[in-house]
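Dumped coords-v4.cif below, it's mmCIF, N, CA and C atoms:
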```cif
data_query
loop_
_atom_site.label_atom_id
_atom_site.label_comp_id
_atom_site.auth_asym_id
_atom_site.auth_seq_id
_atom_site.Cartn_x
_atom_site.Cartn_y
_atom_site.Cartn_z
N TRP A 1 -1.96 3.74 -23.44
CA TRP A 1 -3.20 4.30 -22.92
C TRP A 1 -2.82 5.07 -21.68
N LEU A 2 -3.20 6.31 -21.64
CA LEU A 2 -3.09 7.16 -20.46
C LEU A 2 -4.51 7.61 -20.12
N TYR A 3 -4.87 7.52 -18.85
CA TYR A 3 -6.25 7.79 -18.48
C TYR A 3 -6.28 8.42 -17.10
N TYR A 4 -7.25 9.30 -16.88
CA TYR A 4 -7.45 9.89 -15.57
C TYR A 4 -8.91 9.73 -15.19
N ASP A 5 -9.16 9.01 -14.12
CA ASP A 5 -10.53 8.79 -13.67
C ASP A 5 -10.76 9.62 -12.41
N TRP A 6 -11.85 10.37 -12.39
CA TRP A 6 -12.19 11.19 -11.23
C TRP A 6 -13.66 11.01 -10.92
N ALA A 7 -13.95 10.65 -9.67
CA ALA A 7 -15.32 10.53 -9.19
C ALA A 7 -15.40 11.34 -7.90
N SER A 8 -16.22 12.35 -7.89
CA SER A 8 -16.26 13.31 -6.79
C SER A 8 -16.65 12.67 -5.46
N GLY A 9 -16.17 13.29 -4.41
CA GLY A 9 -16.53 12.87 -3.06
C GLY A 9 -17.53 13.84 -2.46
N GLY A 10 -18.06 13.47 -1.33
CA GLY A 10 -19.01 14.34 -0.65
C GLY A 10 -18.35 15.15 0.43
N ASN A 11 -19.15 15.81 1.25
CA ASN A 11 -18.60 16.62 2.33
C ASN A 11 -19.02 16.09 3.69
N ASP A 12 -19.45 14.83 3.74
CA ASP A 12 -19.89 14.22 4.99
C ASP A 12 -19.38 12.79 5.01
N LEU A 13 -18.54 12.44 5.98
CA LEU A 13 -17.89 11.13 6.03
C LEU A 13 -18.89 9.98 5.92
N GLY A 14 -18.82 9.25 4.81
CA GLY A 14 -19.63 8.05 4.64
C GLY A 14 -21.08 8.27 4.31
N ALA A 15 -21.49 9.51 4.04
CA ALA A 15 -22.91 9.77 3.75
C ALA A 15 -23.28 9.38 2.32
N GLY A 16 -22.30 9.19 1.46
CA GLY A 16 -22.57 8.76 0.10
C GLY A 16 -23.16 9.85 -0.78
N ASN A 17 -22.83 11.12 -0.51
CA ASN A 17 -23.40 12.18 -1.32
C ASN A 17 -22.46 12.68 -2.42
N GLY A 18 -21.45 11.88 -2.75
CA GLY A 18 -20.58 12.16 -3.89
C GLY A 18 -21.07 11.40 -5.11
N PHE A 19 -20.21 11.23 -6.10
CA PHE A 19 -20.55 10.50 -7.30
C PHE A 19 -20.94 9.06 -6.96
N ASN A 20 -21.97 8.53 -7.62
CA ASN A 20 -22.39 7.13 -7.44
C ASN A 20 -22.40 6.47 -8.81
N HIS A 21 -21.61 5.40 -8.95
CA HIS A 21 -21.48 4.76 -10.26
C HIS A 21 -22.69 3.92 -10.66
N LEU A 22 -23.65 3.72 -9.80
CA LEU A 22 -24.91 3.04 -10.05
C LEU A 22 -24.75 1.60 -10.51
N PHE A 23 -24.15 1.35 -11.67
CA PHE A 23 -23.90 -0.01 -12.15
C PHE A 23 -22.39 -0.20 -12.22
N PRO A 24 -21.80 -0.88 -11.23
CA PRO A 24 -20.34 -0.94 -11.15
C PRO A 24 -19.70 -1.77 -12.27
N LEU A 25 -18.69 -1.19 -12.87
CA LEU A 25 -17.80 -1.88 -13.79
C LEU A 25 -16.39 -1.73 -13.21
N ALA A 26 -16.18 -2.33 -12.08
CA ALA A 26 -14.97 -2.08 -11.30
C ALA A 26 -13.69 -2.32 -12.09
N HIS A 27 -13.57 -3.43 -12.78
CA HIS A 27 -12.34 -3.72 -13.52
C HIS A 27 -12.02 -2.64 -14.54
N LYS A 28 -13.02 -2.06 -15.14
CA LYS A 28 -12.80 -1.11 -16.21
C LYS A 28 -12.14 0.18 -15.74
N TYR A 29 -12.36 0.57 -14.51
CA TYR A 29 -11.89 1.88 -14.06
C TYR A 29 -10.81 1.84 -12.98
N LEU A 30 -10.88 0.91 -12.04
CA LEU A 30 -10.01 0.99 -10.87
C LEU A 30 -9.28 -0.30 -10.53
N GLY A 31 -8.90 -1.08 -11.52
CA GLY A 31 -8.07 -2.24 -11.28
C GLY A 31 -8.84 -3.54 -11.10
N PHE A 32 -8.14 -4.63 -11.36
CA PHE A 32 -8.74 -5.96 -11.33
C PHE A 32 -9.00 -6.47 -9.92
N MET A 33 -8.41 -5.85 -8.91
CA MET A 33 -8.62 -6.32 -7.53
C MET A 33 -9.94 -5.85 -6.93
N ASP A 34 -10.61 -4.91 -7.58
CA ASP A 34 -11.91 -4.40 -7.12
C ASP A 34 -11.88 -3.90 -5.67
N LEU A 35 -10.87 -3.13 -5.34
CA LEU A 35 -10.73 -2.64 -3.98
C LEU A 35 -11.56 -1.40 -3.68
N PHE A 36 -11.86 -0.60 -4.70
CA PHE A 36 -12.55 0.66 -4.47
C PHE A 36 -13.69 0.86 -5.46
N GLY A 37 -14.72 1.57 -5.01
CA GLY A 37 -15.81 1.98 -5.88
C GLY A 37 -15.55 3.37 -6.42
N ARG A 38 -16.33 3.78 -7.39
CA ARG A 38 -16.13 5.08 -8.04
C ARG A 38 -16.89 6.18 -7.32
N SER A 39 -16.41 6.54 -6.17
CA SER A 39 -16.90 7.70 -5.44
C SER A 39 -15.76 8.18 -4.55
N ASN A 40 -15.55 9.47 -4.52
CA ASN A 40 -14.48 10.09 -3.73
C ASN A 40 -13.11 9.52 -4.08
N ILE A 41 -12.83 9.42 -5.36
CA ILE A 41 -11.55 8.85 -5.77
C ILE A 41 -11.04 9.52 -7.04
N GLN A 42 -9.73 9.65 -7.11
CA GLN A 42 -9.04 10.08 -8.32
C GLN A 42 -8.02 9.01 -8.65
N SER A 43 -7.88 8.69 -9.95
CA SER A 43 -6.97 7.62 -10.32
C SER A 43 -6.37 7.83 -11.70
N PRO A 44 -5.18 8.43 -11.76
CA PRO A 44 -4.46 8.41 -13.04
C PRO A 44 -3.94 7.00 -13.27
N ASN A 45 -3.99 6.52 -14.52
CA ASN A 45 -3.49 5.18 -14.79
C ASN A 45 -2.89 5.08 -16.18
N VAL A 46 -2.04 4.07 -16.34
CA VAL A 46 -1.32 3.84 -17.58
C VAL A 46 -1.46 2.36 -17.93
N GLN A 47 -1.78 2.08 -19.19
CA GLN A 47 -1.89 0.69 -19.65
C GLN A 47 -0.96 0.49 -20.84
N LEU A 48 -0.22 -0.61 -20.80
CA LEU A 48 0.66 -0.99 -21.90
C LEU A 48 0.25 -2.38 -22.38
N THR A 49 0.12 -2.55 -23.69
CA THR A 49 -0.20 -3.87 -24.25
C THR A 49 0.80 -4.17 -25.35
N MET A 50 1.05 -5.45 -25.53
CA MET A 50 1.92 -5.88 -26.62
C MET A 50 1.60 -7.31 -27.00
N GLN A 51 1.95 -7.69 -28.22
CA GLN A 51 1.76 -9.05 -28.69
C GLN A 51 3.07 -9.52 -29.31
N PRO A 52 3.96 -10.12 -28.47
CA PRO A 52 5.28 -10.50 -28.96
C PRO A 52 5.26 -11.65 -29.97
N THR A 53 4.24 -12.50 -29.90
CA THR A 53 4.07 -13.59 -30.87
C THR A 53 2.59 -13.63 -31.26
N PRO A 54 2.24 -14.29 -32.35
CA PRO A 54 0.83 -14.36 -32.72
C PRO A 54 -0.07 -15.02 -31.67
N LYS A 55 0.51 -15.86 -30.81
CA LYS A 55 -0.30 -16.56 -29.81
C LYS A 55 -0.25 -15.95 -28.42
N LEU A 56 0.64 -15.00 -28.17
CA LEU A 56 0.83 -14.45 -26.83
C LEU A 56 0.53 -12.95 -26.79
N LYS A 57 -0.37 -12.56 -25.87
CA LYS A 57 -0.69 -11.15 -25.64
C LYS A 57 -0.33 -10.81 -24.20
N LEU A 58 0.25 -9.63 -23.99
CA LEU A 58 0.65 -9.18 -22.67
C LEU A 58 0.00 -7.84 -22.36
N LEU A 59 -0.36 -7.66 -21.09
CA LEU A 59 -0.95 -6.40 -20.65
C LEU A 59 -0.35 -6.04 -19.29
N ALA A 60 0.02 -4.78 -19.12
CA ALA A 60 0.44 -4.24 -17.82
C ALA A 60 -0.36 -2.97 -17.60
N TRP A 61 -0.97 -2.85 -16.41
CA TRP A 61 -1.82 -1.71 -16.12
C TRP A 61 -1.48 -1.20 -14.73
N TYR A 62 -1.13 0.07 -14.63
CA TYR A 62 -0.73 0.69 -13.36
C TYR A 62 -1.74 1.78 -12.98
N TYR A 63 -2.14 1.80 -11.71
CA TYR A 63 -3.08 2.79 -11.18
C TYR A 63 -2.47 3.45 -9.94
N TYR A 64 -2.66 4.74 -9.83
CA TYR A 64 -2.40 5.43 -8.57
C TYR A 64 -3.76 5.91 -8.07
N MET A 65 -4.12 5.57 -6.83
CA MET A 65 -5.44 5.92 -6.31
C MET A 65 -5.32 6.83 -5.09
N MET A 66 -6.13 7.90 -5.12
CA MET A 66 -6.14 8.85 -4.00
C MET A 66 -7.56 9.34 -3.78
N LEU A 67 -7.83 9.74 -2.56
CA LEU A 67 -9.14 10.30 -2.26
C LEU A 67 -9.32 11.62 -2.99
N ASP A 68 -10.54 11.90 -3.42
CA ASP A 68 -10.84 13.20 -4.00
C ASP A 68 -10.84 14.26 -2.90
N THR A 69 -11.45 13.93 -1.76
CA THR A 69 -11.49 14.86 -0.64
C THR A 69 -11.34 14.09 0.67
N ARG A 70 -10.65 14.69 1.63
CA ARG A 70 -10.50 14.06 2.95
C ARG A 70 -11.77 14.21 3.78
N ALA A 71 -12.74 14.97 3.30
CA ALA A 71 -14.00 15.14 4.03
C ALA A 71 -14.92 13.94 3.84
N ASP A 72 -14.54 12.97 3.03
CA ASP A 72 -15.35 11.78 2.77
C ASP A 72 -14.43 10.56 2.89
N THR A 73 -15.00 9.38 2.81
CA THR A 73 -14.28 8.12 2.98
C THR A 73 -14.14 7.41 1.64
N PRO A 74 -13.24 6.43 1.50
CA PRO A 74 -13.28 5.59 0.30
C PRO A 74 -14.50 4.66 0.37
N TYR A 75 -14.92 4.19 -0.79
CA TYR A 75 -16.08 3.30 -0.87
C TYR A 75 -15.68 1.98 -1.51
N THR A 76 -16.37 0.91 -1.12
CA THR A 76 -16.15 -0.39 -1.76
C THR A 76 -16.81 -0.38 -3.12
N VAL A 77 -16.58 -1.43 -3.88
CA VAL A 77 -17.13 -1.52 -5.23
C VAL A 77 -18.67 -1.56 -5.22
N VAL A 78 -19.29 -1.94 -4.11
CA VAL A 78 -20.75 -1.93 -4.00
C VAL A 78 -21.24 -0.68 -3.26
N MET A 79 -20.39 0.34 -3.20
CA MET A 79 -20.72 1.67 -2.65
C MET A 79 -20.99 1.69 -1.16
N THR A 80 -20.39 0.79 -0.41
CA THR A 80 -20.44 0.81 1.04
C THR A 80 -19.28 1.67 1.54
N PRO A 81 -19.52 2.62 2.44
CA PRO A 81 -18.40 3.42 2.97
C PRO A 81 -17.43 2.52 3.72
N GLU A 82 -16.14 2.65 3.41
CA GLU A 82 -15.15 1.77 4.04
C GLU A 82 -14.89 2.15 5.49
N HIS A 83 -14.75 3.43 5.78
CA HIS A 83 -14.37 3.85 7.12
C HIS A 83 -15.15 5.10 7.54
N PRO A 84 -16.47 4.99 7.68
CA PRO A 84 -17.24 6.18 8.04
C PRO A 84 -16.80 6.73 9.39
N GLY A 85 -16.68 8.02 9.47
CA GLY A 85 -16.29 8.67 10.72
C GLY A 85 -14.81 8.90 10.87
N TYR A 86 -13.97 8.27 10.05
CA TYR A 86 -12.52 8.47 10.14
C TYR A 86 -12.11 9.59 9.18
N ARG A 87 -11.50 10.62 9.71
CA ARG A 87 -11.01 11.72 8.88
C ARG A 87 -9.50 11.50 8.67
N PRO A 88 -9.10 11.13 7.46
CA PRO A 88 -7.71 10.74 7.21
C PRO A 88 -6.75 11.93 7.19
N VAL A 89 -5.50 11.62 7.48
CA VAL A 89 -4.43 12.60 7.37
C VAL A 89 -4.00 12.71 5.91
N SER A 90 -3.97 11.57 5.22
CA SER A 90 -3.48 11.53 3.84
C SER A 90 -4.57 11.11 2.87
N ARG A 91 -4.47 11.57 1.63
CA ARG A 91 -5.37 11.16 0.55
C ARG A 91 -4.83 9.95 -0.21
N ASP A 92 -3.59 9.54 0.04
CA ASP A 92 -2.90 8.49 -0.70
C ASP A 92 -3.43 7.10 -0.35
N LEU A 93 -4.28 6.52 -1.22
CA LEU A 93 -4.81 5.17 -0.98
C LEU A 93 -3.80 4.10 -1.37
N GLY A 94 -3.07 4.31 -2.44
CA GLY A 94 -2.06 3.35 -2.85
C GLY A 94 -1.96 3.20 -4.36
N HIS A 95 -1.22 2.17 -4.77
CA HIS A 95 -0.95 1.89 -6.18
C HIS A 95 -1.34 0.45 -6.47
N GLU A 96 -1.84 0.20 -7.66
CA GLU A 96 -2.14 -1.17 -8.07
C GLU A 96 -1.46 -1.44 -9.40
N LEU A 97 -0.86 -2.63 -9.51
CA LEU A 97 -0.24 -3.07 -10.75
C LEU A 97 -0.92 -4.37 -11.16
N ASP A 98 -1.46 -4.41 -12.37
CA ASP A 98 -2.12 -5.59 -12.92
C ASP A 98 -1.30 -6.09 -14.11
N LEU A 99 -1.00 -7.39 -14.11
CA LEU A 99 -0.25 -8.02 -15.20
C LEU A 99 -1.05 -9.20 -15.74
N ILE A 100 -1.19 -9.29 -17.06
CA ILE A 100 -1.93 -10.39 -17.68
C ILE A 100 -1.15 -10.92 -18.87
N ALA A 101 -1.09 -12.25 -18.97
CA ALA A 101 -0.53 -12.92 -20.14
C ALA A 101 -1.61 -13.86 -20.67
N THR A 102 -1.97 -13.72 -21.95
CA THR A 102 -2.98 -14.57 -22.58
C THR A 102 -2.33 -15.36 -23.70
N TYR A 103 -2.46 -16.68 -23.61
CA TYR A 103 -1.89 -17.57 -24.63
C TYR A 103 -3.02 -18.24 -25.41
N ALA A 104 -3.01 -18.11 -26.73
CA ALA A 104 -4.01 -18.74 -27.58
C ALA A 104 -3.57 -20.17 -27.88
N ILE A 105 -4.25 -21.13 -27.26
CA ILE A 105 -3.92 -22.55 -27.49
C ILE A 105 -4.28 -22.91 -28.93
N ASN A 106 -5.45 -22.51 -29.36
CA ASN A 106 -5.90 -22.66 -30.74
C ASN A 106 -6.94 -21.55 -30.98
N PRO A 107 -7.55 -21.47 -32.17
CA PRO A 107 -8.49 -20.37 -32.40
C PRO A 107 -9.70 -20.34 -31.47
N ARG A 108 -10.00 -21.43 -30.76
CA ARG A 108 -11.17 -21.47 -29.88
C ARG A 108 -10.83 -21.59 -28.39
N MET A 109 -9.55 -21.68 -28.06
CA MET A 109 -9.17 -21.86 -26.65
C MET A 109 -8.05 -20.90 -26.26
N ASP A 110 -8.24 -20.25 -25.10
CA ASP A 110 -7.23 -19.34 -24.54
C ASP A 110 -6.94 -19.73 -23.11
N LEU A 111 -5.72 -19.47 -22.69
CA LEU A 111 -5.32 -19.63 -21.31
C LEU A 111 -4.77 -18.29 -20.84
N LEU A 112 -5.33 -17.77 -19.75
CA LEU A 112 -4.96 -16.45 -19.25
C LEU A 112 -4.34 -16.60 -17.86
N PHE A 113 -3.22 -15.94 -17.63
CA PHE A 113 -2.58 -15.89 -16.32
C PHE A 113 -2.58 -14.43 -15.87
N GLY A 114 -3.08 -14.18 -14.66
CA GLY A 114 -3.15 -12.82 -14.16
C GLY A 114 -2.53 -12.68 -12.78
N TYR A 115 -1.93 -11.55 -12.55
CA TYR A 115 -1.36 -11.23 -11.24
C TYR A 115 -1.57 -9.75 -10.98
N SER A 116 -2.02 -9.43 -9.77
CA SER A 116 -2.19 -8.04 -9.36
C SER A 116 -1.55 -7.84 -8.00
N HIS A 117 -0.99 -6.66 -7.79
CA HIS A 117 -0.39 -6.32 -6.49
C HIS A 117 -0.85 -4.92 -6.12
N PHE A 118 -1.30 -4.77 -4.86
CA PHE A 118 -1.69 -3.47 -4.34
C PHE A 118 -0.65 -3.02 -3.34
N PHE A 119 -0.06 -1.85 -3.59
CA PHE A 119 0.92 -1.24 -2.70
C PHE A 119 0.14 -0.27 -1.81
N SER A 120 -0.04 -0.61 -0.58
CA SER A 120 -0.85 0.18 0.35
C SER A 120 -0.27 1.58 0.54
N GLY A 121 -1.15 2.58 0.52
CA GLY A 121 -0.73 3.96 0.67
C GLY A 121 -0.74 4.44 2.11
N SER A 122 -0.34 5.68 2.31
CA SER A 122 -0.24 6.22 3.67
C SER A 122 -1.61 6.39 4.34
N TYR A 123 -2.70 6.44 3.57
CA TYR A 123 -4.04 6.47 4.16
C TYR A 123 -4.21 5.28 5.11
N PHE A 124 -3.80 4.10 4.68
CA PHE A 124 -3.96 2.88 5.48
C PHE A 124 -2.93 2.78 6.59
N ARG A 125 -1.71 3.25 6.33
CA ARG A 125 -0.66 3.18 7.36
C ARG A 125 -0.94 4.12 8.53
N ASP A 126 -1.59 5.26 8.26
CA ASP A 126 -1.85 6.26 9.30
C ASP A 126 -3.13 6.01 10.08
N ALA A 127 -4.04 5.20 9.53
CA ALA A 127 -5.36 5.02 10.15
C ALA A 127 -5.28 4.07 11.35
N PRO A 128 -6.15 4.26 12.34
CA PRO A 128 -6.23 3.30 13.44
C PRO A 128 -6.66 1.94 12.92
N VAL A 129 -6.22 0.87 13.57
CA VAL A 129 -6.52 -0.49 13.12
C VAL A 129 -7.89 -0.95 13.61
N LEU A 130 -8.35 -0.43 14.71
CA LEU A 130 -9.60 -0.92 15.29
C LEU A 130 -10.82 -0.54 14.46
N PRO A 131 -11.79 -1.46 14.33
CA PRO A 131 -13.04 -1.12 13.62
C PRO A 131 -13.71 0.06 14.30
N PRO A 132 -14.43 0.87 13.61
CA PRO A 132 -14.85 0.74 12.22
C PRO A 132 -13.90 1.40 11.23
N THR A 133 -12.62 1.53 11.55
CA THR A 133 -11.70 2.13 10.59
C THR A 133 -11.00 1.04 9.80
N VAL A 134 -9.72 1.09 9.63
CA VAL A 134 -9.01 0.20 8.72
C VAL A 134 -8.75 -1.17 9.36
N PRO A 135 -9.33 -2.25 8.79
CA PRO A 135 -9.11 -3.58 9.36
C PRO A 135 -7.76 -4.18 8.97
N PHE A 136 -7.15 -3.69 7.90
CA PHE A 136 -5.88 -4.25 7.40
C PHE A 136 -5.09 -3.12 6.77
N ARG A 137 -3.81 -3.05 7.03
CA ARG A 137 -3.03 -1.92 6.51
C ARG A 137 -1.88 -2.32 5.60
N GLY A 138 -1.78 -3.58 5.20
CA GLY A 138 -0.66 -4.02 4.39
C GLY A 138 -0.94 -4.05 2.90
N ASN A 139 0.02 -4.57 2.16
CA ASN A 139 -0.11 -4.76 0.72
C ASN A 139 -0.97 -6.00 0.44
N ALA A 140 -1.37 -6.19 -0.80
CA ALA A 140 -2.20 -7.34 -1.15
C ALA A 140 -1.77 -7.90 -2.50
N ASP A 141 -1.93 -9.23 -2.66
CA ASP A 141 -1.62 -9.92 -3.91
C ASP A 141 -2.83 -10.70 -4.38
N PHE A 142 -2.95 -10.86 -5.69
CA PHE A 142 -4.08 -11.55 -6.31
C PHE A 142 -3.55 -12.26 -7.54
N PHE A 143 -3.65 -13.60 -7.57
CA PHE A 143 -3.19 -14.40 -8.70
C PHE A 143 -4.35 -15.26 -9.19
N TYR A 144 -4.50 -15.41 -10.49
CA TYR A 144 -5.58 -16.22 -11.02
C TYR A 144 -5.20 -16.78 -12.39
N VAL A 145 -5.87 -17.88 -12.75
CA VAL A 145 -5.73 -18.53 -14.04
C VAL A 145 -7.13 -18.69 -14.61
N GLN A 146 -7.27 -18.46 -15.90
CA GLN A 146 -8.58 -18.57 -16.54
C GLN A 146 -8.43 -19.33 -17.85
N TYR A 147 -9.29 -20.31 -18.05
CA TYR A 147 -9.34 -21.07 -19.30
C TYR A 147 -10.62 -20.71 -20.02
N GLN A 148 -10.52 -20.38 -21.30
CA GLN A 148 -11.70 -20.01 -22.08
C GLN A 148 -11.82 -20.91 -23.29
N TRP A 149 -13.00 -21.49 -23.47
CA TRP A 149 -13.27 -22.35 -24.60
C TRP A 149 -14.50 -21.81 -25.32
N ASN A 150 -14.33 -21.30 -26.50
CA ASN A 150 -15.42 -20.75 -27.32
C ASN A 150 -15.96 -21.83 -28.24
N PHE A 151 -17.25 -22.07 -28.16
CA PHE A 151 -17.85 -23.05 -29.08
C PHE A 151 -19.21 -22.61 -29.56
#
```

Serialized structure, structure tokens:
Amino acid sequence: WLYYDWASGGNDLGAGNGFNHLFPLAHKYLGFMDLFGRSNIQSPNVQLTMQPTPKLKLLAWYYYMMLDTRADTPYTVVMTPEHPGYRPVSRDLGHELDLIATYAINPRMDLLFGYSHFFSGSYFRDAPVLPPTVPFRGNADFFYVQYQWNF
């Protein structure tokens, strides 16, 4: 799967006059970590899936995220402007890698292991740390386990 997601930005920092996703489906478009909403963002991504055994499914999904325009800010998944008033030097938000392994215990039970890593881009490294700009400028990790029982 090769995909390119583009959601336009506005021309006023944090005014929210770019694309608005209205009903967020964050995982579907911009990674499992839900770091960004679909406004003022471009994201080419690649997904690879495989099933090495009848009971094991694997998924790897890579995203590169960048601002559509430096005249606007990134938005959270609930469309709150992340850093209103900050005009960034770089459009590079970062990269996200999502990895999932799903094991079928039996026809009605699955066990899923997930791991995501966000590689922080130069947008965050260049921004001032003090609020209301970037509160954190490092990488991020997200690990989870999910058990599903269908009855």

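Backbone DSSP over chain A yields alpha helix (DSSP H) at Ala26, His27, Lys28, Tyr29, Leu30, Ser122, Tyr123, Phe124, Arg125 and Asp126 of chain A.
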
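Residues lying within 7 Å of A:Asp5, counting only C-alpha atoms and ignoring same-chain neighbours fewer than 4 positions away, are A:Gln42, A:Ser43, A:Pro44.
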
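For the pair atom CA of A:Tyr103 and atom C of A:Lys55, the interatomic distance is 4.4 Å.
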
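The closest residue to A:Pro88, picked from A:Asn17, A:Asn139, A:Thr69, A:Thr76 and counting only N, CA and C atoms, is A:Thr69.
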
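Restricting the calculation to all atoms listed in the file, the smallest distance between A:Pro54 and any of A:Gly121, A:Gly85, A:Trp149, A:Ala104 is found for A:Ala104.
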
*asked:* Just list as a PyMOL selection string whatever in chain A DSSP marks as strand (DSSP E).
replied: chain A and resi 2-7+41-53+56-67+92-106+109-120+140-149

*Rank A:Leu111, A:Val77, A:Ile41, A:Leu59 by their smallest atom-to-atom distance to A:Leu93, using only C-alpha atoms, and report the top residue only.*
A:Ile41

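Each of A:Gly31, A:Pro107, A:Pro74, A:Pro24 was checked against A:Ser8 using only C-alpha atoms; the smallest atom-to-atom distance is that of A:Pro74.
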
Size and centre in Å, one decimal, axis-aligned box, all listed stretch 34-40 of chain A atoms plus 6 Å per side, as AutoDock Vina command-line options:
```
--center_x -13.8 --center_y 2.6 --center_z -5.9 --size_x 18.3 --size_y 27.0 --size_z 16.4
```

Do you know which residues are at most 6.5 Å from A:Ser120 counting only N, CA and C atoms, after dropping those on the same chain fewer than 2 positions away, and could you put them as a compact mmCIF listing (two decimals) with N, CA and C atoms, in the coordinates of the input?
```
# COMPACT_ATOMS: atom_id res chain seq x y z
N ASP A 92 -3.59 9.54 0.04
CA ASP A 92 -2.90 8.49 -0.70
C ASP A 92 -3.43 7.10 -0.35
N LEU A 93 -4.28 6.52 -1.22
CA LEU A 93 -4.81 5.17 -0.98
C LEU A 93 -3.80 4.10 -1.37
N GLY A 94 -3.07 4.31 -2.44
CA GLY A 94 -2.06 3.35 -2.85
C GLY A 94 -1.96 3.20 -4.36
N HIS A 95 -1.22 2.17 -4.77
CA HIS A 95 -0.95 1.89 -6.18
C HIS A 95 -1.34 0.45 -6.47
N PHE A 118 -1.30 -4.77 -4.86
CA PHE A 118 -1.69 -3.47 -4.34
C PHE A 118 -0.65 -3.02 -3.34
N SER A 122 -0.34 5.68 2.31
CA SER A 122 -0.24 6.22 3.67
C SER A 122 -1.61 6.39 4.34
N TYR A 123 -2.70 6.44 3.57
CA TYR A 123 -4.04 6.47 4.16
C TYR A 123 -4.21 5.28 5.11
N PHE A 124 -3.80 4.10 4.68
CA PHE A 124 -3.96 2.88 5.48
C PHE A 124 -2.93 2.78 6.59
N ARG A 125 -1.71 3.25 6.33
CA ARG A 125 -0.66 3.18 7.36
C ARG A 125 -0.94 4.12 8.53
N ARG A 137 -3.81 -3.05 7.03
CA ARG A 137 -3.03 -1.92 6.51
C ARG A 137 -1.88 -2.32 5.60
N GLY A 138 -1.78 -3.58 5.20
CA GLY A 138 -0.66 -4.02 4.39
C GLY A 138 -0.94 -4.05 2.90
N ASN A 139 0.02 -4.57 2.16
CA ASN A 139 -0.11 -4.76 0.72
C ASN A 139 -0.97 -6.00 0.44
N ALA A 140 -1.37 -6.19 -0.80
CA ALA A 140 -2.20 -7.34 -1.15
C ALA A 140 -1.77 -7.90 -2.50
```

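For the pair atom C of A:Asp110 and atom CA of A:Met33, the separation is 20.6 Å.
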
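Coordinates place atom N of A:Phe113 at a distance of 29.7 Å from atom C of A:Trp6.
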
*What's the 10 Å shell around stretch 1-4 of chain A, counting only C-alpha atoms, without same-chain residues fewer than 4 positions away, as a list in words?*
Tyr29, Gln42, Ser43, Pro44, Asn45, Val46, Gln47, Leu48, Thr49, Trp61, Tyr62, Tyr63 and Tyr64 of chain A

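Minimum atom-to-atom distance to A:Lys57, evaluated using only N, CA and C atoms, belongs to A:Thr102 out of A:Gln146, A:Asn40, A:Asn20, A:Thr102.
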
_Using only C-alpha atoms and a cutoff of 6 Å, can you tell me which residues are near (-6.7, 11.8, -0.3) in the file's coordinates, and write them out as JSON, numbers by chain?_
{"A": [66, 67, 68, 69, 70, 90, 91, 92]}
